[in-house]
Amino acid sequence: MVILRAESALGILPQLDETQIHPESIPAVRAAVQRVLDVAYREIPTSVVDQCRNACAAMASRWLYQQTGDAHLLEKDLGKVISAVRNVLGADKSRTLCSALDIVNRLHPRGKHNEVHRYGLRDVTEEDAALAVHVTGFVIREFGWARA
């Protein structure tokens, strides 16, 4: 017996409210979110986590740019963007958002064989990939970029 699993990527992420996103950032944010939708439930878990991390980095850096005007943030890796969010918002106001971003950031090395070996990590699972997708949706909502 063979069981085929078919899940739709539609509805797994909130629809973007582009009126809340800086016009310069819309193409990058839209493309990053689309890549998550393209791989969700269709690719291996590592690919899903990679695209979620890319989307979170793109969104967080652009959201922070929107808040501060610091264009250098657009060049930063997710770990540095998380630190910048914490510095701008303060530890208390940023705790949930930074924790969510950190989940995706910490899942990423599990898809790299050398990192798995070096740190004794387990491989990325489908459940980890699903978590990364849900966290990405959470981040969109936290930024106020989700359509109601």
# chains A, B, ... in the order shown; residues from 1 in each chain; ligands from 1

$ select_by_dssp --residues "chain A" --states "helix (DSSP H, G or I)" --output "PyMOL selection string"
chain A and resi 18-20+26-39+45-68+71-75+78-89+91-111+113-119+126-142

$ closest_atom_pairs --of "range 38-115 of chain A" --to "range 18-25 of chain A" --cutoff "10 Å" --atoms "only C-alpha atoms" --output "CSV"
residue,atom,partner,partner_atom,distance
A:Ala58,CA,A:Ser25,CA,8.9
A:Met59,CA,A:Ser25,CA,8.4
A:Ser61,CA,A:Ser25,CA,9.7
A:Arg62,CA,A:Ser25,CA,6.2
A:Trp63,CA,A:Ile21,CA,7.7
A:Tyr65,CA,A:His22,CA,9.0
A:Gln66,CA,A:His22,CA,6.4
A:Gln67,CA,A:His22,CA,9.8
A:Leu74,CA,A:Ser25,CA,9.9

$ write_last_selection --atoms "N, CA and C atoms" --output "mmCIF file, in the first residue's frame"
data_model
loop_
_atom_site.group_PDB
_atom_site.id
_atom_site.type_symbol
_atom_site.label_atom_id
_atom_site.label_comp_id
_atom_site.auth_asym_id
_atom_site.auth_seq_id
_atom_site.Cartn_x
_atom_site.Cartn_y
_atom_site.Cartn_z
ATOM 1 N N ALA A 58 15.382 38.456 5.120
ATOM 2 C CA ALA A 58 14.949 39.520 4.204
ATOM 3 C C ALA A 58 13.894 40.404 4.866
ATOM 4 N N MET A 59 12.914 39.773 5.496
ATOM 5 C CA MET A 59 11.842 40.544 6.118
ATOM 6 C C MET A 59 12.336 41.337 7.318
ATOM 7 N N SER A 61 15.385 42.363 8.142
ATOM 8 C CA SER A 61 16.294 43.464 7.802
ATOM 9 C C SER A 61 15.523 44.622 7.172
ATOM 10 N N ARG A 62 14.546 44.304 6.339
ATOM 11 C CA ARG A 62 13.767 45.370 5.696
ATOM 12 C C ARG A 62 12.809 46.039 6.675
ATOM 13 N N TRP A 63 12.251 45.264 7.604
ATOM 14 C CA TRP A 63 11.390 45.848 8.631
ATOM 15 C C TRP A 63 12.209 46.800 9.499
ATOM 16 N N TYR A 65 15.003 48.275 8.667
ATOM 17 C CA TYR A 65 15.354 49.414 7.821
ATOM 18 C C TYR A 65 14.194 50.411 7.795
ATOM 19 N N GLN A 66 12.975 49.882 7.707
ATOM 20 C CA GLN A 66 11.777 50.718 7.700
ATOM 21 C C GLN A 66 11.665 51.495 9.014
ATOM 22 N N GLN A 67 12.103 50.889 10.122
ATOM 23 C CA GLN A 67 12.005 51.525 11.435
ATOM 24 C C GLN A 67 13.129 52.539 11.681
ATOM 25 N N LEU A 74 20.430 45.913 5.539
ATOM 26 C CA LEU A 74 20.006 45.102 4.402
ATOM 27 C C LEU A 74 21.095 44.126 3.952
#

$ residues_around --residues "Lys80 in chain A" --least-positions-apart "2" --cutoff "12 Å" --atoms "only C-alpha atoms" --output "list in words"
Ala57, Ala60, Ser61, Leu64, His72, Leu73, Leu74, Glu75, Lys76, Asp77, Leu78, Ile82, Ser83, Ala84, Val85, Arg86, Asn87, Cys98, Leu101, Asp102 and Asn105 of chain A

$ write_last_selection --atoms "C-alpha atoms" --output "PDB file, in the first residue's frame"
ATOM      1  CA  ALA A  57      16.396  37.577   7.143  1.00  0.00           C
ATOM      2  CA  ALA A  60      13.562  41.385   9.411  1.00  0.00           C
ATOM      3  CA  SER A  61      16.294  43.464   7.802  1.00  0.00           C
ATOM      4  CA  LEU A  64      14.256  47.192  10.711  1.00  0.00           C
ATOM      5  CA  HIS A  72      23.491  48.689   6.240  1.00  0.00           C
ATOM      6  CA  LEU A  73      21.007  46.309   7.872  1.00  0.00           C
ATOM      7  CA  LEU A  74      20.006  45.102   4.402  1.00  0.00           C
ATOM      8  CA  GLU A  75      23.429  43.449   4.073  1.00  0.00           C
ATOM      9  CA  LYS A  76      23.395  41.636   7.416  1.00  0.00           C
ATOM     10  CA  ASP A  77      22.953  37.949   8.127  1.00  0.00           C
ATOM     11  CA  LEU A  78      19.961  36.873  10.221  1.00  0.00           C
ATOM     12  CA  ILE A  82      18.295  39.599  15.406  1.00  0.00           C
ATOM     13  CA  SER A  83      20.848  41.469  17.536  1.00  0.00           C
ATOM     14  CA  ALA A  84      19.927  44.740  15.842  1.00  0.00           C
ATOM     15  CA  VAL A  85      16.207  44.145  16.466  1.00  0.00           C
ATOM     16  CA  ARG A  86      16.975  43.483  20.136  1.00  0.00           C
ATOM     17  CA  ASN A  87      19.051  46.676  20.353  1.00  0.00           C
ATOM     18  CA  CYS A  98      13.728  37.573  18.368  1.00  0.00           C
ATOM     19  CA  LEU A 101      13.694  34.504  14.380  1.00  0.00           C
ATOM     20  CA  ASP A 102      16.271  32.608  16.427  1.00  0.00           C
ATOM     21  CA  ASN A 105      18.315  30.676  12.539  1.00  0.00           C
TER      22      ASN A 105
END

$ atom_distance --atom1 "CA of Glu142 in chain A" --atom2 "CA of Asp128 in chain A"
20.6 Å

$ atom_distance --atom1 "CA of Ala32 in chain A" --atom2 "CA of Gln51 in chain A"
7.4 Å

$ residues_around --residues "Cys52 in chain A" --least-positions-apart "3" --cutoff "10 Å" --atoms "only C-alpha atoms" --output "PDB file with N, CA and C atoms, in the first residue's frame"
ATOM      1  N   ALA A  32      10.955  36.548  -1.419  1.00  0.00           N
ATOM      2  CA  ALA A  32      11.372  35.647  -0.340  1.00  0.00           C
ATOM      3  C   ALA A  32      10.203  34.810   0.167  1.00  0.00           C
ATOM      4  N   VAL A  33       9.057  35.438   0.339  1.00  0.00           N
ATOM      5  CA  VAL A  33       7.869  34.712   0.803  1.00  0.00           C
ATOM      6  C   VAL A  33       7.408  33.717  -0.263  1.00  0.00           C
ATOM      7  N   ARG A  35       9.255  32.138  -2.369  1.00  0.00           N
ATOM      8  CA  ARG A  35      10.159  30.979  -2.350  1.00  0.00           C
ATOM      9  C   ARG A  35       9.783  30.016  -1.230  1.00  0.00           C
ATOM     10  N   VAL A  36       9.358  30.542  -0.089  1.00  0.00           N
ATOM     11  CA  VAL A  36       8.893  29.663   0.996  1.00  0.00           C
ATOM     12  C   VAL A  36       7.671  28.889   0.525  1.00  0.00           C
ATOM     13  N   LEU A  37       6.728  29.575  -0.094  1.00  0.00           N
ATOM     14  CA  LEU A  37       5.526  28.903  -0.586  1.00  0.00           C
ATOM     15  C   LEU A  37       5.855  27.861  -1.656  1.00  0.00           C
ATOM     16  N   VAL A  39       8.528  25.976  -1.848  1.00  0.00           N
ATOM     17  CA  VAL A  39       9.173  24.767  -1.319  1.00  0.00           C
ATOM     18  C   VAL A  39       8.374  24.073  -0.230  1.00  0.00           C
ATOM     19  N   ALA A  40       7.474  24.809   0.419  1.00  0.00           N
ATOM     20  CA  ALA A  40       6.727  24.229   1.545  1.00  0.00           C
ATOM     21  C   ALA A  40       5.953  22.996   1.098  1.00  0.00           C
ATOM     22  N   THR A  46      15.339  20.372   4.639  1.00  0.00           N
ATOM     23  CA  THR A  46      16.465  21.304   4.642  1.00  0.00           C
ATOM     24  C   THR A  46      16.198  22.498   3.730  1.00  0.00           C
ATOM     25  N   SER A  47      15.627  22.249   2.564  1.00  0.00           N
ATOM     26  CA  SER A  47      15.313  23.342   1.633  1.00  0.00           C
ATOM     27  C   SER A  47      14.264  24.274   2.212  1.00  0.00           C
ATOM     28  N   VAL A  48      13.291  23.709   2.889  1.00  0.00           N
ATOM     29  CA  VAL A  48      12.234  24.521   3.497  1.00  0.00           C
ATOM     30  C   VAL A  48      12.838  25.432   4.565  1.00  0.00           C
ATOM     31  N   VAL A  49      13.667  24.863   5.433  1.00  0.00           N
ATOM     32  CA  VAL A  49      14.299  25.662   6.485  1.00  0.00           C
ATOM     33  C   VAL A  49      15.180  26.748   5.867  1.00  0.00           C
ATOM     34  N   ALA A  55      13.821  34.091   4.062  1.00  0.00           N
ATOM     35  CA  ALA A  55      12.669  34.993   4.149  1.00  0.00           C
ATOM     36  C   ALA A  55      12.701  35.796   5.442  1.00  0.00           C
ATOM     37  N   CYS A  56      13.019  35.137   6.549  1.00  0.00           N
ATOM     38  CA  CYS A  56      13.077  35.846   7.829  1.00  0.00           C
ATOM     39  C   CYS A  56      14.170  36.910   7.815  1.00  0.00           C
ATOM     40  N   ALA A  57      15.314  36.588   7.231  1.00  0.00           N
ATOM     41  CA  ALA A  57      16.396  37.577   7.143  1.00  0.00           C
ATOM     42  C   ALA A  57      15.984  38.750   6.264  1.00  0.00           C
ATOM     43  N   ALA A  58      15.382  38.456   5.120  1.00  0.00           N
ATOM     44  CA  ALA A  58      14.949  39.520   4.204  1.00  0.00           C
ATOM     45  C   ALA A  58      13.894  40.404   4.866  1.00  0.00           C
ATOM     46  N   LEU A 101      12.642  34.417  15.400  1.00  0.00           N
ATOM     47  CA  LEU A 101      13.694  34.504  14.380  1.00  0.00           C
ATOM     48  C   LEU A 101      14.857  33.569  14.720  1.00  0.00           C
ATOM     49  N   VAL A 104      14.377  29.803  13.636  1.00  0.00           N
ATOM     50  CA  VAL A 104      14.711  29.529  12.234  1.00  0.00           C
ATOM     51  C   VAL A 104      16.220  29.588  12.032  1.00  0.00           C
ATOM     52  N   ASN A 105      16.862  30.542  12.663  1.00  0.00           N
ATOM     53  CA  ASN A 105      18.315  30.676  12.539  1.00  0.00           C
ATOM     54  C   ASN A 105      19.036  29.441  13.080  1.00  0.00           C
ATOM     55  N   LEU A 107      17.777  26.347  13.340  1.00  0.00           N
ATOM     56  CA  LEU A 107      17.466  25.144  12.562  1.00  0.00           C
ATOM     57  C   LEU A 107      18.365  25.036  11.326  1.00  0.00           C
ATOM     58  N   HIS A 108      18.814  26.156  10.822  1.00  0.00           N
ATOM     59  CA  HIS A 108      19.583  26.195   9.580  1.00  0.00           C
ATOM     60  C   HIS A 108      20.835  25.308   9.573  1.00  0.00           C
ATOM     61  N   ALA A 129      10.766  21.527   9.618  1.00  0.00           N
ATOM     62  CA  ALA A 129      10.460  22.362   8.455  1.00  0.00           C
ATOM     63  C   ALA A 129       9.099  23.032   8.623  1.00  0.00           C
ATOM     64  N   ALA A 130       8.118  22.270   9.119  1.00  0.00           N
ATOM     65  CA  ALA A 130       6.786  22.849   9.358  1.00  0.00           C
ATOM     66  C   ALA A 130       6.867  23.958  10.404  1.00  0.00           C
ATOM     67  N   LEU A 131       7.666  23.731  11.452  1.00  0.00           N
ATOM     68  CA  LEU A 131       7.864  24.770  12.468  1.00  0.00           C
ATOM     69  C   LEU A 131       8.448  26.032  11.835  1.00  0.00           C
ATOM     70  N   ALA A 132       9.442  25.867  10.984  1.00  0.00           N
ATOM     71  CA  ALA A 132      10.065  27.026  10.326  1.00  0.00           C
ATOM     72  C   ALA A 132       9.048  27.804   9.498  1.00  0.00           C
ATOM     73  N   VAL A 133       8.170  27.104   8.809  1.00  0.00           N
ATOM     74  CA  VAL A 133       7.131  27.774   8.009  1.00  0.00           C
ATOM     75  C   VAL A 133       6.175  28.534   8.921  1.00  0.00           C
ATOM     76  N   HIS A 134       5.749  27.901  10.003  1.00  0.00           N
ATOM     77  CA  HIS A 134       4.823  28.572  10.924  1.00  0.00           C
ATOM     78  C   HIS A 134       5.476  29.775  11.595  1.00  0.00           C
ATOM     79  N   VAL A 135       6.753  29.662  11.927  1.00  0.00           N
ATOM     80  CA  VAL A 135       7.477  30.794  12.500  1.00  0.00           C
ATOM     81  C   VAL A 135       7.552  31.939  11.490  1.00  0.00           C
ATOM     82  N   THR A 136       7.773  31.608  10.231  1.00  0.00           N
ATOM     83  CA  THR A 136       7.819  32.640   9.192  1.00  0.00           C
ATOM     84  C   THR A 136       6.486  33.393   9.133  1.00  0.00           C
ATOM     85  N   GLY A 137       5.387  32.673   9.226  1.00  0.00           N
ATOM     86  CA  GLY A 137       4.072  33.316   9.274  1.00  0.00           C
ATOM     87  C   GLY A 137       3.913  34.194  10.506  1.00  0.00           C
TER      88      GLY A 137
END

$ residues_around --residues "Ile140 in chain A" --least-positions-apart "4" --cutoff "8 Å" --atoms "only C-alpha atoms" --output "VMD selection string"
chain A and resid 14 16 59 136 144 to 146

$ closest_residue --among "A:Ile103, A:Pro45, A:Leu97, A:Val81" --to "Asp123 in chain A" --atoms "only C-alpha atoms"
A:Pro45

$ closest_residue --among "A:Asn54, A:Asp70, A:Arg147, A:Glu126" --to "Gln34 in chain A" --atoms "only C-alpha atoms"
A:Asn54

$ atom_distance --atom1 "CA of Thr68 in chain A" --atom2 "CA of Leu89 in chain A"
10.8 Å

$ decode --residues "range 76-98 of chain A" --atoms "N, CA and C atoms" --output "mmCIF file, in the first residue's frame"
data_model
loop_
_atom_site.group_PDB
_atom_site.id
_atom_site.type_symbol
_atom_site.label_atom_id
_atom_site.label_comp_id
_atom_site.auth_asym_id
_atom_site.auth_seq_id
_atom_site.Cartn_x
_atom_site.Cartn_y
_atom_site.Cartn_z
ATOM 1 N N LYS A 76 23.050 42.464 6.267
ATOM 2 C CA LYS A 76 23.395 41.636 7.416
ATOM 3 C C LYS A 76 22.753 40.249 7.356
ATOM 4 N N ASP A 77 23.450 39.301 7.966
ATOM 5 C CA ASP A 77 22.953 37.949 8.127
ATOM 6 C C ASP A 77 21.897 37.948 9.234
ATOM 7 N N LEU A 78 21.074 36.913 9.272
ATOM 8 C CA LEU A 78 19.961 36.873 10.221
ATOM 9 C C LEU A 78 20.424 37.035 11.666
ATOM 10 N N GLY A 79 21.515 36.409 12.050
ATOM 11 C CA GLY A 79 21.987 36.526 13.431
ATOM 12 C C GLY A 79 22.264 37.967 13.821
ATOM 13 N N LYS A 80 22.881 38.715 12.932
ATOM 14 C CA LYS A 80 23.182 40.126 13.209
ATOM 15 C C LYS A 80 21.912 40.977 13.187
ATOM 16 N N VAL A 81 20.962 40.600 12.347
ATOM 17 C CA VAL A 81 19.694 41.334 12.310
ATOM 18 C C VAL A 81 18.924 41.105 13.613
ATOM 19 N N ILE A 82 18.959 39.886 14.122
ATOM 20 C CA ILE A 82 18.295 39.599 15.406
ATOM 21 C C ILE A 82 18.886 40.485 16.501
ATOM 22 N N SER A 83 20.199 40.602 16.544
ATOM 23 C CA SER A 83 20.848 41.469 17.536
ATOM 24 C C SER A 83 20.431 42.918 17.356
ATOM 25 N N ALA A 84 20.333 43.362 16.112
ATOM 26 C CA ALA A 84 19.927 44.740 15.842
ATOM 27 C C ALA A 84 18.483 44.984 16.269
ATOM 28 N N VAL A 85 17.607 44.013 16.023
ATOM 29 C CA VAL A 85 16.207 44.145 16.466
ATOM 30 C C VAL A 85 16.170 44.278 17.986
ATOM 31 N N ARG A 86 16.925 43.446 18.672
ATOM 32 C CA ARG A 86 16.975 43.483 20.136
ATOM 33 C C ARG A 86 17.477 44.832 20.623
ATOM 34 N N ASN A 87 18.499 45.382 19.952
ATOM 35 C CA ASN A 87 19.051 46.676 20.353
ATOM 36 C C ASN A 87 18.060 47.812 20.119
ATOM 37 N N VAL A 88 17.332 47.757 19.011
ATOM 38 C CA VAL A 88 16.399 48.836 18.675
ATOM 39 C C VAL A 88 15.146 48.785 19.556
ATOM 40 N N LEU A 89 14.590 47.591 19.737
ATOM 41 C CA LEU A 89 13.340 47.468 20.487
ATOM 42 C C LEU A 89 13.538 47.302 21.986
ATOM 43 N N GLY A 90 14.700 46.870 22.387
ATOM 44 C CA GLY A 90 14.935 46.547 23.793
ATOM 45 C C GLY A 90 14.604 45.090 24.055
ATOM 46 N N ALA A 91 15.190 44.542 25.088
ATOM 47 C CA ALA A 91 15.068 43.105 25.377
ATOM 48 C C ALA A 91 13.622 42.678 25.615
ATOM 49 N N ASP A 92 12.861 43.459 26.359
ATOM 50 C CA ASP A 92 11.488 43.052 26.682
ATOM 51 C C ASP A 92 10.562 43.082 25.474
ATOM 52 N N LYS A 93 10.591 44.172 24.710
ATOM 53 C CA LYS A 93 9.686 44.303 23.565
ATOM 54 C C LYS A 93 10.055 43.379 22.415
ATOM 55 N N SER A 94 11.317 42.965 22.346
ATOM 56 C CA SER A 94 11.757 42.149 21.211
ATOM 57 C C SER A 94 11.807 40.659 21.520
ATOM 58 N N ARG A 95 11.538 40.260 22.741
ATOM 59 C CA ARG A 95 11.759 38.882 23.175
ATOM 60 C C ARG A 95 11.054 37.853 22.294
ATOM 61 N N THR A 96 9.783 37.999 22.048
ATOM 62 C CA THR A 96 9.038 37.009 21.271
ATOM 63 C C THR A 96 9.478 37.008 19.814
ATOM 64 N N LEU A 97 9.601 38.182 19.218
ATOM 65 C CA LEU A 97 10.028 38.282 17.824
ATOM 66 C C LEU A 97 11.427 37.697 17.642
ATOM 67 N N CYS A 98 12.353 38.077 18.494
ATOM 68 C CA CYS A 98 13.728 37.573 18.368
ATOM 69 C C CYS A 98 13.803 36.078 18.637
#
